[in-house]
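Engineer: Sending over data.txt (compact mmCIF, C-alpha atoms (C1' of nucleotides)).
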```txt
# COMPACT_ATOMS: atom_id res chain seq x y z
CA MET T 179 25.58 -18.37 -8.37
CA SER T 180 23.00 -21.12 -8.06
CA GLU T 181 22.31 -22.52 -4.63
CA PRO T 182 23.26 -26.06 -3.79
CA ILE T 183 20.31 -28.38 -3.83
CA SER T 184 20.03 -30.48 -0.75
CA GLY T 185 17.51 -33.22 -0.38
CA GLU T 186 17.94 -36.62 1.26
CA GLY T 187 21.41 -35.57 2.28
CA LEU T 188 22.61 -34.75 -1.23
CA LEU T 189 24.49 -31.65 -2.10
CA PHE T 190 25.58 -31.94 -5.64
CA LEU T 191 24.47 -29.17 -7.95
CA THR T 192 26.86 -26.38 -7.18
CA ASP T 193 28.24 -24.50 -10.16
CA GLU T 194 31.56 -26.10 -9.36
CA GLN T 195 30.10 -29.58 -9.67
CA LEU T 196 28.49 -28.68 -12.97
CA GLN T 197 31.71 -27.15 -14.22
CA GLN T 198 33.49 -30.39 -13.45
CA GLY T 199 30.87 -32.28 -15.39
CA ILE T 200 31.45 -29.99 -18.36
CA GLU T 201 35.19 -30.50 -18.28
CA GLY T 202 34.71 -34.19 -17.75
CA MET T 203 32.71 -34.37 -20.96
CA PHE T 204 35.40 -32.45 -22.80
CA PHE T 205 38.29 -34.62 -21.70
CA ALA T 206 36.38 -37.87 -21.95
CA TYR T 207 35.21 -37.15 -25.47
CA ARG T 208 38.79 -36.59 -26.46
CA GLY T 209 39.74 -39.96 -25.09
CA PHE T 210 36.73 -41.49 -26.72
CA THR T 211 37.82 -40.42 -30.22
CA ALA T 212 41.58 -40.74 -29.72
CA ASP T 213 42.02 -44.39 -30.71
CA PRO T 214 40.09 -44.39 -34.01
CA ASP T 215 41.74 -41.08 -34.88
CA ARG T 216 45.14 -42.67 -34.43
CA ILE T 217 44.27 -45.67 -36.56
CA LEU T 218 42.97 -43.50 -39.36
CA GLU T 219 46.10 -41.40 -39.24
CA GLU T 220 48.24 -44.50 -39.66
CA LEU T 221 46.13 -45.74 -42.54
CA ASN T 222 46.36 -42.36 -44.22
CA ARG T 223 50.14 -42.52 -44.18
CA ASP T 224 50.16 -45.57 -46.42
CA ARG T 225 47.18 -44.90 -48.62
CA ASP T 226 46.43 -41.93 -50.79
CA GLN T 227 43.08 -41.02 -49.28
CA ASN T 228 42.71 -38.98 -46.14
CA TYR T 229 40.01 -40.30 -43.89
CA GLY T 230 38.96 -38.56 -40.71
CA ARG T 231 36.24 -38.57 -38.12
CA ALA T 232 33.61 -37.76 -40.69
CA HIS T 233 34.39 -40.98 -42.53
CA HIS T 234 34.42 -42.93 -39.30
CA ARG T 235 30.97 -41.67 -38.34
CA ALA T 236 29.51 -42.48 -41.73
CA VAL T 237 30.96 -45.96 -41.72
CA HIS T 238 29.82 -46.52 -38.16
CA PHE T 239 26.18 -45.73 -38.79
CA VAL T 240 26.04 -47.58 -42.09
CA ALA T 241 27.38 -50.62 -40.26
CA ARG T 242 24.84 -50.08 -37.53
CA ALA T 243 21.87 -49.79 -39.85
CA PRO T 244 22.74 -51.48 -43.16
CA GLY T 245 20.53 -50.36 -46.02
CA THR T 246 19.84 -47.00 -44.40
CA THR T 247 19.09 -44.15 -46.78
CA VAL T 248 21.15 -41.04 -47.34
CA LYS T 249 18.37 -38.95 -45.87
CA ASN T 250 18.30 -40.96 -42.69
CA LEU T 251 22.05 -40.74 -42.35
CA LEU T 252 21.85 -36.97 -42.81
CA GLU T 253 19.42 -36.71 -39.93
CA ILE T 254 21.50 -38.87 -37.64
CA LEU T 255 24.77 -37.14 -38.41
CA GLY T 256 23.32 -33.65 -38.47
CA VAL T 257 25.39 -32.33 -41.36
CA THR T 258 24.49 -30.96 -44.78
CA LYS T 259 24.10 -33.27 -47.73
CA GLN T 260 27.00 -31.57 -49.48
CA SER T 261 29.25 -32.43 -46.59
CA LEU T 262 28.03 -35.99 -46.27
CA ASN T 263 28.11 -36.46 -50.01
CA ARG T 264 31.79 -35.63 -50.18
CA VAL T 265 32.49 -38.28 -47.58
CA LEU T 266 30.26 -40.93 -49.12
CA ARG T 267 31.69 -40.29 -52.56
CA THR T 268 35.23 -41.03 -51.46
CA LEU T 269 34.08 -44.08 -49.52
CA MET T 270 32.28 -45.40 -52.61
CA GLU T 271 35.18 -44.61 -54.92
CA ASP T 272 37.42 -46.61 -52.62
CA GLY T 273 35.00 -49.52 -52.57
CA LEU T 274 34.12 -49.36 -48.89
CA VAL T 275 30.49 -48.41 -49.36
CA VAL T 276 27.97 -49.27 -52.05
CA SER T 277 24.61 -47.64 -52.69
CA LYS T 278 21.61 -49.46 -54.10
CA VAL T 279 18.59 -47.77 -55.65
CA GLY T 280 15.53 -48.23 -53.45
CA GLY T 281 13.00 -50.91 -54.30
CA SER T 282 9.77 -49.19 -53.32
CA ASP T 283 11.04 -45.64 -53.75
CA ARG T 284 13.59 -45.46 -56.50
CA ARG T 285 14.74 -41.99 -55.48
CA GLU T 286 16.30 -43.38 -52.35
CA ARG T 287 19.78 -44.80 -52.15
CA HIS T 288 20.31 -47.55 -49.63
CA LEU T 289 23.80 -47.73 -48.23
CA PHE T 290 25.81 -50.83 -47.40
CA LEU T 291 29.36 -51.60 -46.41
CA THR T 292 31.42 -53.84 -48.67
CA GLU T 293 33.70 -56.48 -47.22
CA ALA T 294 36.50 -53.92 -47.14
CA GLY T 295 34.19 -51.41 -45.50
CA GLN T 296 33.22 -53.90 -42.84
CA ALA T 297 36.87 -54.65 -42.20
CA LEU T 298 37.65 -50.98 -41.63
CA GLU T 299 34.58 -50.54 -39.45
CA ARG T 300 35.57 -53.49 -37.30
CA GLN T 301 39.07 -52.15 -36.93
CA LEU T 302 37.81 -48.76 -35.78
CA SER T 303 34.99 -49.92 -33.54
CA GLU T 304 37.24 -52.53 -31.99
CA VAL T 305 39.48 -50.01 -30.27
CA GLN T 306 36.60 -47.76 -29.37
CA ARG T 307 34.70 -50.61 -27.77
CA ALA T 308 37.84 -51.67 -25.96
CA ARG T 309 38.17 -48.26 -24.34
CA MET T 310 34.49 -48.22 -23.47
CA ARG T 311 34.78 -51.72 -22.03
CA ASP T 312 37.75 -50.78 -19.89
CA ALA T 313 35.99 -47.69 -18.62
CA TYR T 314 32.83 -49.66 -17.84
CA ARG T 315 34.78 -52.34 -16.04
CA ALA T 316 36.74 -49.82 -14.02
CA ALA T 317 33.60 -47.97 -12.98
CA GLY T 318 31.33 -50.94 -12.40
CA PRO T 319 27.77 -51.79 -13.45
CA GLU T 320 26.03 -49.37 -11.13
CA ALA T 321 28.10 -46.49 -12.49
CA VAL T 322 27.40 -47.59 -16.05
CA ARG T 323 23.68 -47.37 -15.45
CA GLY T 324 24.08 -43.86 -14.12
CA PHE T 325 26.37 -42.89 -16.96
CA ARG T 326 23.81 -43.89 -19.54
CA GLN T 327 21.00 -42.13 -17.71
CA VAL T 328 22.90 -38.84 -17.65
CA LEU T 329 23.95 -39.16 -21.30
CA GLU T 330 20.39 -39.73 -22.36
CA ALA T 331 19.16 -36.77 -20.35
CA MET T 332 21.79 -34.58 -21.95
CA MET T 333 20.75 -35.27 -25.56
CA ASP T 334 18.40 -33.11 -27.54
CA LYS T 335 14.94 -34.65 -27.60
CA GLU T 336 14.99 -35.61 -31.28
CA MET T 337 18.44 -37.13 -30.96
CA GLY T 338 17.25 -39.09 -27.96
CA ARG T 339 14.56 -40.55 -30.14
CA LYS T 340 16.96 -41.55 -32.90
CA TYR T 341 19.21 -43.05 -30.27
CA GLY T 342 16.29 -44.98 -28.84
CA ALA T 343 15.38 -46.22 -32.30
CA LEU T 344 18.86 -47.58 -32.89
CA ARG T 345 18.77 -49.20 -29.48
CA ASP T 346 15.38 -50.80 -29.93
CA LYS T 347 16.24 -52.08 -33.37
CA ALA T 348 19.34 -53.75 -32.01
CA GLU T 349 17.48 -55.23 -29.09
CA GLY T 350 14.49 -56.44 -31.12
CA MET L 116 32.38 -61.25 -30.29
CA SER L 117 33.13 -60.73 -26.63
CA GLU L 118 31.24 -62.79 -24.10
CA PRO L 119 28.87 -61.15 -21.66
CA ILE L 120 30.39 -60.73 -18.24
CA SER L 121 28.20 -62.04 -15.51
CA GLY L 122 29.00 -61.57 -11.89
CA GLU L 123 26.67 -60.70 -9.02
CA GLY L 124 23.79 -60.93 -11.45
CA LEU L 125 25.17 -58.32 -13.86
CA LEU L 126 25.27 -58.81 -17.55
CA PHE L 127 26.42 -55.63 -19.14
CA LEU L 128 29.38 -55.87 -21.40
CA THR L 129 27.99 -57.25 -24.61
CA ASP L 130 29.18 -55.55 -27.77
CA GLU L 131 25.68 -54.21 -28.11
CA GLN L 132 25.87 -52.50 -24.75
CA LEU L 133 29.22 -51.00 -25.62
CA GLN L 134 27.93 -49.86 -28.98
CA GLN L 135 25.09 -48.08 -27.22
CA GLY L 136 27.57 -46.37 -24.98
CA ILE L 137 29.50 -45.18 -28.02
CA GLU L 138 26.42 -43.77 -29.67
CA GLY L 139 25.30 -42.28 -26.38
CA MET L 140 28.55 -40.35 -26.18
CA PHE L 141 28.12 -39.15 -29.74
CA PHE L 142 24.59 -37.87 -29.32
CA ALA L 143 25.15 -36.49 -25.83
CA TYR L 144 28.21 -34.56 -26.88
CA ARG L 145 26.19 -32.95 -29.61
CA GLY L 146 23.60 -31.85 -27.10
CA PHE L 147 26.32 -30.72 -24.76
CA THR L 148 27.76 -28.28 -27.33
CA ALA L 149 24.50 -27.28 -28.98
CA ASP L 150 23.53 -24.37 -26.74
CA PRO L 151 26.84 -22.45 -26.76
CA ASP L 152 27.12 -23.09 -30.49
CA ARG L 153 23.74 -21.48 -31.00
CA ILE L 154 24.62 -18.47 -28.90
CA LEU L 155 27.86 -17.92 -30.76
CA GLU L 156 26.05 -18.18 -34.05
CA GLU L 157 23.65 -15.45 -32.99
CA LEU L 158 26.47 -13.23 -31.82
CA ASN L 159 28.30 -13.76 -35.10
CA ARG L 160 25.33 -12.50 -37.05
CA ASP L 161 25.61 -9.06 -35.49
CA ARG L 162 29.34 -8.74 -35.08
CA ASP L 163 32.05 -9.02 -37.65
CA GLN L 164 34.09 -11.72 -35.95
CA ASN L 165 33.18 -15.34 -36.24
CA TYR L 166 33.66 -17.22 -33.02
CA GLY L 167 33.26 -20.96 -32.74
CA ARG L 168 33.92 -23.80 -30.36
CA ALA L 169 37.63 -23.14 -30.35
CA HIS L 170 37.01 -19.67 -28.95
CA HIS L 171 34.60 -21.05 -26.41
CA ARG L 172 37.11 -23.58 -25.17
CA ALA L 173 39.87 -21.01 -24.88
CA VAL L 174 37.66 -18.57 -23.00
CA HIS L 175 36.41 -21.35 -20.76
CA PHE L 176 39.82 -22.47 -19.61
CA VAL L 177 41.20 -18.97 -19.22
CA ALA L 178 38.22 -18.20 -17.00
CA ARG L 179 38.85 -21.39 -15.12
CA ALA L 180 42.53 -20.72 -14.50
CA PRO L 181 43.18 -16.98 -14.82
CA GLY L 182 46.81 -16.13 -15.49
CA THR L 183 47.49 -19.46 -17.10
CA THR L 184 50.23 -19.52 -19.72
CA VAL L 185 49.82 -20.21 -23.40
CA LYS L 186 51.86 -23.37 -22.97
CA ASN L 187 49.56 -24.67 -20.28
CA LEU L 188 46.53 -23.89 -22.36
CA LEU L 189 48.09 -25.75 -25.27
CA GLU L 190 48.47 -28.86 -23.17
CA ILE L 191 44.92 -28.72 -21.89
CA LEU L 192 43.35 -28.06 -25.27
CA GLY L 193 45.55 -30.48 -27.17
CA VAL L 194 45.99 -28.37 -30.29
CA THR L 195 49.02 -26.86 -31.95
CA LYS L 196 50.22 -23.49 -30.77
CA GLN L 197 49.62 -22.03 -34.22
CA SER L 198 45.99 -23.02 -34.03
CA LEU L 199 45.53 -21.68 -30.53
CA ASN L 200 47.43 -18.53 -31.40
CA ARG L 201 44.97 -17.58 -34.10
CA VAL L 202 42.09 -17.95 -31.68
CA LEU L 203 43.83 -15.98 -28.95
CA ARG L 204 44.83 -13.25 -31.37
CA THR L 205 41.25 -12.56 -32.40
CA LEU L 206 40.11 -12.69 -28.78
CA MET L 207 42.78 -10.17 -27.84
CA GLU L 208 42.05 -7.94 -30.83
CA ASP L 209 38.44 -7.85 -29.74
CA GLY L 210 39.39 -7.00 -26.19
CA LEU L 211 38.10 -10.19 -24.58
CA VAL L 212 41.46 -11.52 -23.49
CA VAL L 213 44.65 -9.78 -22.41
CA SER L 214 48.10 -11.31 -22.15
CA LYS L 215 50.72 -10.14 -19.71
CA VAL L 216 54.40 -10.89 -20.12
CA GLY L 217 55.58 -13.22 -17.40
CA GLY L 218 57.34 -11.77 -14.37
CA SER L 219 59.90 -14.48 -13.73
CA ASP L 220 60.07 -15.78 -17.29
CA ARG L 221 59.51 -13.10 -19.86
CA ARG L 222 58.93 -15.65 -22.63
CA GLU L 223 55.69 -16.66 -21.05
CA ARG L 224 52.39 -14.89 -21.63
CA HIS L 225 49.84 -15.03 -18.85
CA LEU L 226 46.25 -14.89 -20.03
CA PHE L 227 43.30 -13.13 -18.43
CA LEU L 228 39.75 -12.34 -19.42
CA THR L 229 38.70 -8.72 -19.58
CA GLU L 230 35.29 -7.62 -18.32
CA ALA L 231 33.88 -8.22 -21.79
CA GLY L 232 35.55 -11.61 -21.90
CA GLN L 233 34.06 -12.56 -18.58
CA ALA L 234 30.65 -11.48 -19.79
CA LEU L 235 30.89 -13.73 -22.84
CA GLU L 236 32.18 -16.59 -20.78
CA ARG L 237 29.29 -16.29 -18.36
CA GLN L 238 26.81 -16.20 -21.18
CA LEU L 239 28.22 -19.38 -22.71
CA SER L 240 28.79 -21.35 -19.54
CA GLU L 241 25.36 -20.37 -18.28
CA VAL L 242 23.47 -22.37 -20.89
CA GLN L 243 25.92 -25.23 -20.73
CA ARG L 244 25.58 -25.48 -16.99
CA ALA L 245 21.82 -25.29 -17.33
CA ARG L 246 21.77 -28.32 -19.59
CA MET L 247 24.12 -30.18 -17.32
CA ARG L 248 21.98 -29.27 -14.33
CA ASP L 249 18.81 -30.49 -16.02
CA ALA L 250 20.47 -33.74 -17.00
CA TYR L 251 21.83 -34.26 -13.49
CA ARG L 252 18.47 -33.55 -11.93
CA ALA L 253 16.66 -35.86 -14.31
CA ALA L 254 19.09 -38.68 -13.65
CA GLY L 255 19.58 -38.23 -9.92
CA PRO L 256 22.61 -38.07 -7.65
CA GLU L 257 23.45 -41.74 -7.79
CA ALA L 258 23.52 -41.65 -11.58
CA VAL L 259 25.69 -38.51 -11.48
CA ARG L 260 28.28 -40.30 -9.41
CA GLY L 261 28.37 -43.14 -11.90
CA PHE L 262 28.48 -40.76 -14.83
CA ARG L 263 31.55 -39.04 -13.47
CA GLN L 264 33.26 -42.32 -12.69
CA VAL L 265 32.84 -43.57 -16.24
CA LEU L 266 33.94 -40.26 -17.75
CA GLU L 267 37.08 -40.28 -15.70
CA ALA L 268 37.87 -43.85 -16.66
CA MET L 269 37.42 -42.97 -20.31
CA MET L 270 39.99 -40.17 -20.38
CA ASP L 271 43.59 -40.61 -21.38
CA LYS L 272 45.78 -40.87 -18.32
CA GLU L 273 47.49 -37.48 -18.77
CA MET L 274 44.17 -35.78 -19.38
CA GLY L 275 42.80 -37.38 -16.27
CA ARG L 276 45.62 -35.77 -14.36
CA LYS L 277 44.97 -32.33 -15.82
CA TYR L 278 41.30 -32.79 -15.05
CA GLY L 279 42.12 -33.75 -11.50
CA ALA L 280 44.36 -30.71 -11.16
CA LEU L 281 41.59 -28.38 -12.22
CA ARG L 282 39.24 -30.10 -9.85
CA ASP L 283 41.58 -29.97 -6.89
CA LYS L 284 42.46 -26.35 -7.50
CA ALA L 285 38.78 -25.44 -7.45
CA GLU L 286 38.14 -27.43 -4.33
CA GLY L 287 41.20 -26.13 -2.48
C1' DT U 113 79.29 -16.45 -24.12
C1' DT U 114 77.27 -19.37 -26.78
C1' DG U 115 74.18 -23.00 -28.04
C1' DG U 116 70.00 -25.22 -27.08
C1' DA U 117 65.31 -25.19 -25.22
C1' DA U 118 61.04 -22.77 -24.56
C1' DT U 119 57.75 -19.63 -26.24
C1' DG U 120 55.27 -17.24 -29.52
C1' DT U 121 54.29 -15.36 -34.55
C1' DC U 122 53.71 -15.56 -39.70
C1' DA U 123 52.61 -18.15 -43.98
C1' DA U 124 50.55 -21.73 -46.32
C1' DC U 125 47.80 -25.75 -46.58
C1' DA U 126 44.01 -29.44 -45.53
C1' DA U 127 39.70 -31.43 -43.51
C1' DA U 128 35.22 -30.78 -42.95
C1' DG U 129 31.77 -27.94 -41.93
C1' DC U 130 28.54 -24.25 -44.33
C1' DT U 131 25.30 -21.66 -48.08
C1' DG U 132 23.38 -21.10 -52.56
C1' DA U 133 22.19 -22.57 -57.05
C1' DC U 134 20.88 -26.00 -59.98
C1' DA U 135 19.78 -30.80 -62.20
C1' DT U 136 17.42 -35.19 -62.25
C1' DA U 137 14.24 -38.52 -61.16
C1' DA U 138 10.50 -40.29 -58.72
C1' DA U 139 6.53 -39.77 -55.91
C1' DA U 140 2.57 -37.41 -54.45
C1' DT U 141 -1.05 -34.29 -55.18
C1' DC U 142 -4.31 -31.51 -57.43
C1' DG K 56 -2.22 -35.34 -66.95
C1' DA K 57 0.05 -31.30 -65.03
C1' DT K 58 2.17 -29.59 -61.09
C1' DT K 59 4.48 -29.74 -56.84
C1' DT K 60 7.22 -31.92 -53.51
C1' DT K 61 10.87 -35.04 -52.09
C1' DA K 62 15.37 -37.42 -52.42
C1' DT K 63 19.61 -37.23 -54.17
C1' DG K 64 23.70 -35.45 -56.38
C1' DT K 65 26.92 -31.80 -58.04
C1' DC K 66 29.43 -27.31 -58.66
C1' DA K 67 31.35 -23.20 -56.78
C1' DG K 68 32.87 -20.69 -53.04
C1' DC K 69 33.43 -19.59 -48.22
C1' DT K 70 34.67 -20.35 -43.00
C1' DT K 71 36.54 -22.55 -38.97
C1' DT K 72 39.95 -25.01 -37.09
C1' DG K 73 43.19 -28.15 -37.40
C1' DT K 74 48.10 -29.12 -39.47
C1' DT K 75 53.72 -28.17 -40.81
C1' DG K 76 57.51 -25.36 -41.68
C1' DA K 77 60.23 -21.34 -40.96
C1' DC K 78 61.64 -17.90 -37.94
C1' DA K 79 62.20 -14.43 -33.93
C1' DT K 80 62.76 -13.77 -29.11
C1' DT K 81 64.01 -15.00 -24.56
C1' DC K 82 66.01 -17.71 -21.03
C1' DC K 83 69.18 -20.90 -19.05
C1' DA K 84 72.90 -23.86 -18.54
C1' DA K 85 77.34 -25.67 -20.05
```
Could I get this file's structure written as structure tokens?

Structural biologist:
Amino acid sequence: MSEPISGEGLLFLTDEQLQQGIEGMFFAYRGFTADPDRILEELNRDRDQNYGRAHHRAVHFVARAPGTTVKNLLEILGVTKQSLNRVLRTLMEDGLVVSKVGGSDRRERHLFLTEAGQALERQLSEVQRARMRDAYRAAGPEAVRGFRQVLEAMMDKEMGRKYGALRDKAEG
Amino acid sequence: MSEPISGEGLLFLTDEQLQQGIEGMFFAYRGFTADPDRILEELNRDRDQNYGRAHHRAVHFVARAPGTTVKNLLEILGVTKQSLNRVLRTLMEDGLVVSKVGGSDRRERHLFLTEAGQALERQLSEVQRARMRDAYRAAGPEAVRGFRQVLEAMMDKEMGRKYGALRDKAEG
DNA sequence: TTGGAATGTCAACAAAGCTGACATAAAATC
DNA sequence: GATTTTATGTCAGCTTTGTTGACATTCCAA
């Protein structure tokens, strides 16, 4: 199909190489979500509620940007408000998330994790960070730099901006 | 939480760095699936069937390893056979996939894409490869090497082996 | 030859996405 | 001040894609 690109002695964009990148993403993403999935499954056995990846994502980004609004969360997660609302409702009913009416704009709801919510978030992010840490260590710092460059180039532009905003906020 | 690791002037395993990696995976995976998703959505408008990511994955791996068995596909995809069966059934009804009873073991079904199936697969993998190619080009060959190293380290062990098998087969 | 393992199908259910319609309250605009 | 827009929430209903459980078929090995 497409011709290999060779420049400075590199030959790395054959369809086969790209195909391997695609499958790499597929398998790696599975590994990436496996540990939190397992923890949630265990928790669900005991409790009555059934939490899944959707709950994990919501909790993650509320932890990341405490006081964020529902609208902002919708944009980051890229789902409909009906879908997010169902998730947030159960999280609030269970006392993991609280919403506070906005100060300047009283239409907005600002979201926060409760103590229990923070505990769950820590539990989930712990294992996910551990896997990321192991992968980073195994691959080395140079590889990590490259990894992040490719990830960033693979995002949609708007998502890249939201990602950058989260990053800058954390760094600032 | 965890202390930064410094060695040879590197300082890259703070929780913040790991967190950014996690979010990078999340946003990048969204970009990674966005183009095929969009194509399928367009196709679904015209046709009666409704194909999604599950169909894409099945078609991808059948194209990748023609004649593969249902059992093998189950292991690669990591879903239940009932779930895969529904997807395969619609693909076969629509004449995109055919299954042939195994020669040595008549319990097995070997899967192949028809002409129409190959056409769909090309259409989907085309845009996905294009995004991958753009990301690789933007990041450069050194970054690509690192990217693949980290991905591989992030997979579950068994998945890493299946990934390697696909890779070797293609190279051989 | 018979019992267990492998493979695949049918039925029913759940999680989590979606659209559409509609309500409320607050902010912004004319 | 009246109107429009924005942010949020809710109800109803649908789809995709995962799950278990039950069951049929086929193969193989004791």

Engineer: Output as CSV one row per residue of chain L within 9 Å of chain T: the closest atom pair and its distance in Å to one decimal place, counting all atoms listed in the file, sorted by chain and residue number ascending.

Structural biologist:
```
residue,atom,partner,partner_atom,distance
L:Leu125,CA,T:Pro319,CA,7.0
L:Leu126,CA,T:Pro319,CA,8.5
L:Phe127,CA,T:Pro319,CA,7.0
L:Leu128,CA,T:Arg311,CA,6.8
L:Asp130,CA,T:Arg307,CA,7.4
L:Glu131,CA,T:Ala348,CA,7.5
L:Leu133,CA,T:Arg307,CA,5.9
L:Gln134,CA,T:Arg307,CA,6.9
L:Gln135,CA,T:Arg345,CA,6.8
L:Gly136,CA,T:Arg326,CA,7.1
L:Ile137,CA,T:Met310,CA,7.4
L:Glu138,CA,T:Tyr341,CA,7.3
L:Gly139,CA,T:Leu329,CA,6.1
L:Met140,CA,T:Leu329,CA,6.8
L:Phe141,CA,T:Tyr207,CA,8.5
L:Phe142,CA,T:Met333,CA,6.0
L:Ala143,CA,T:Met333,CA,4.6
L:Tyr144,CA,T:Met203,CA,7.4
L:Arg145,CA,T:Met333,CA,7.2
L:Gly146,CA,T:Met333,CA,4.7
L:Phe147,CA,T:Met332,CA,6.6
L:Ala149,CA,T:Asp334,CA,8.6
L:Ile191,CA,T:Phe205,CA,8.9
L:Ser240,CA,T:Gln197,CA,8.4
L:Gln243,CA,T:Ile200,CA,7.7
L:Arg244,CA,T:Leu196,CA,5.9
L:Ala245,CA,T:Leu196,CA,8.7
L:Arg246,CA,T:Met332,CA,6.7
L:Met247,CA,T:Leu196,CA,6.3
L:Arg248,CA,T:Leu196,CA,6.7
L:Asp249,CA,T:Ala331,CA,7.6
L:Ala250,CA,T:Ala331,CA,4.7
L:Tyr251,CA,T:Val328,CA,6.3
L:Arg252,CA,T:Leu191,CA,8.4
L:Ala253,CA,T:Ala331,CA,6.6
L:Ala254,CA,T:Val328,CA,5.5
L:Gly255,CA,T:Gly324,CA,8.3
L:Pro256,CA,T:Phe190,CA,7.1
L:Glu257,CA,T:Gly324,CA,6.7
L:Ala258,CA,T:Gly324,CA,3.4
L:Val259,CA,T:Gly324,CA,6.2
L:Arg260,CA,T:Ala321,CA,6.9
L:Gly261,CA,T:Ala321,CA,3.4
L:Phe262,CA,T:Phe325,CA,3.7
L:Arg263,CA,T:Gly199,CA,7.1
L:Gln264,CA,T:Ala317,CA,5.7
L:Val265,CA,T:Ala317,CA,5.5
L:Leu266,CA,T:Ala206,CA,5.4
L:Glu267,CA,T:Ala206,CA,6.7
L:Ala268,CA,T:Ala313,CA,4.7
L:Met269,CA,T:Ala313,CA,5.2
L:Met270,CA,T:Ala206,CA,4.6
L:Asp271,CA,T:Gly209,CA,5.4
L:Met274,CA,T:Phe205,CA,6.4
L:Gly275,CA,T:Phe205,CA,7.6
L:Tyr278,CA,T:Gly202,CA,7.3
L:Leu281,CA,T:Gln198,CA,8.4
L:Arg282,CA,T:Gln198,CA,6.8
L:Ala285,CA,T:Glu194,CA,7.5
L:Glu286,CA,T:Glu194,CA,8.4
```

Engineer: Would you mind exporting C-alpha atoms of the selected residues as a CSV table (one decimal), in the coordinates of the input?

Structural biologist:
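Output (selection-v5.csv):
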```csv
chain,number,residue,atom,x,y,z
L,125,LEU,CA,25.2,-58.3,-13.9
L,126,LEU,CA,25.3,-58.8,-17.6
L,127,PHE,CA,26.4,-55.6,-19.1
L,128,LEU,CA,29.4,-55.9,-21.4
L,130,ASP,CA,29.2,-55.6,-27.8
L,131,GLU,CA,25.7,-54.2,-28.1
L,133,LEU,CA,29.2,-51.0,-25.6
L,134,GLN,CA,27.9,-49.9,-29.0
L,135,GLN,CA,25.1,-48.1,-27.2
L,136,GLY,CA,27.6,-46.4,-25.0
L,137,ILE,CA,29.5,-45.2,-28.0
L,138,GLU,CA,26.4,-43.8,-29.7
L,139,GLY,CA,25.3,-42.3,-26.4
L,140,MET,CA,28.6,-40.4,-26.2
L,141,PHE,CA,28.1,-39.2,-29.7
L,142,PHE,CA,24.6,-37.9,-29.3
L,143,ALA,CA,25.2,-36.5,-25.8
L,144,TYR,CA,28.2,-34.6,-26.9
L,145,ARG,CA,26.2,-33.0,-29.6
L,146,GLY,CA,23.6,-31.8,-27.1
L,147,PHE,CA,26.3,-30.7,-24.8
L,149,ALA,CA,24.5,-27.3,-29.0
L,191,ILE,CA,44.9,-28.7,-21.9
L,240,SER,CA,28.8,-21.4,-19.5
L,243,GLN,CA,25.9,-25.2,-20.7
L,244,ARG,CA,25.6,-25.5,-17.0
L,245,ALA,CA,21.8,-25.3,-17.3
L,246,ARG,CA,21.8,-28.3,-19.6
L,247,MET,CA,24.1,-30.2,-17.3
L,248,ARG,CA,22.0,-29.3,-14.3
L,249,ASP,CA,18.8,-30.5,-16.0
L,250,ALA,CA,20.5,-33.7,-17.0
L,251,TYR,CA,21.8,-34.3,-13.5
L,252,ARG,CA,18.5,-33.6,-11.9
L,253,ALA,CA,16.7,-35.9,-14.3
L,254,ALA,CA,19.1,-38.7,-13.6
L,255,GLY,CA,19.6,-38.2,-9.9
L,256,PRO,CA,22.6,-38.1,-7.6
L,257,GLU,CA,23.4,-41.7,-7.8
L,258,ALA,CA,23.5,-41.6,-11.6
L,259,VAL,CA,25.7,-38.5,-11.5
L,260,ARG,CA,28.3,-40.3,-9.4
L,261,GLY,CA,28.4,-43.1,-11.9
L,262,PHE,CA,28.5,-40.8,-14.8
L,263,ARG,CA,31.6,-39.0,-13.5
L,264,GLN,CA,33.3,-42.3,-12.7
L,265,VAL,CA,32.8,-43.6,-16.2
L,266,LEU,CA,33.9,-40.3,-17.8
L,267,GLU,CA,37.1,-40.3,-15.7
L,268,ALA,CA,37.9,-43.8,-16.7
L,269,MET,CA,37.4,-43.0,-20.3
L,270,MET,CA,40.0,-40.2,-20.4
L,271,ASP,CA,43.6,-40.6,-21.4
L,274,MET,CA,44.2,-35.8,-19.4
L,275,GLY,CA,42.8,-37.4,-16.3
L,278,TYR,CA,41.3,-32.8,-15.0
L,281,LEU,CA,41.6,-28.4,-12.2
L,282,ARG,CA,39.2,-30.1,-9.8
L,285,ALA,CA,38.8,-25.4,-7.4
L,286,GLU,CA,38.1,-27.4,-4.3
```

Engineer: Hey, could you make a per-residue contact list for chain U against chain L with 8 Å as the cut-off, showing the nearest pair of atoms and its distance in Å to one decimal, counting all atoms listed in the file, sorted by chain and number, as a Markdown table?

Structural biologist:
```
| residue | atom | partner | partner_atom | distance |
| --- | --- | --- | --- | --- |
| U:DA118 | C1' | L:Arg222 | CA | 7.7 |
| U:DT119 | C1' | L:Arg222 | CA | 5.5 |
| U:DG120 | C1' | L:Arg222 | CA | 8.0 |
```

Engineer: Find the residues near stretch 69-85 of chain K: any atom within 10 Å, counting all atoms listed in the file, skip ones fewer than 2 places away on the same chain, and give them as a PyMOL selection string.

Structural biologist: (chain L and resi 165-169+194-195+197-199+201-202+220-223) or (chain U and resi 114-131) or (chain K and resi 67)

Engineer: Stretch 116-132 of chain U, all listed atoms, 4 Å padding on each side: what axis-aligned box centre and edge lengths in Å to one decimal come out, as JSON?

Structural biologist:
```
{"center_x": 46.7, "center_y": -23.4, "center_z": -38.6, "size_x": 54.6, "size_y": 24.1, "size_z": 36.0}
```

Engineer: Near U:DC142, counting all atoms listed in the file, which residues have an atom at most 10 Å away, once you skip same-chain residues fewer than 4 positions from it, shown as a list of chain:residue names?

Structural biologist: K:DA57, K:DT58, K:DT59
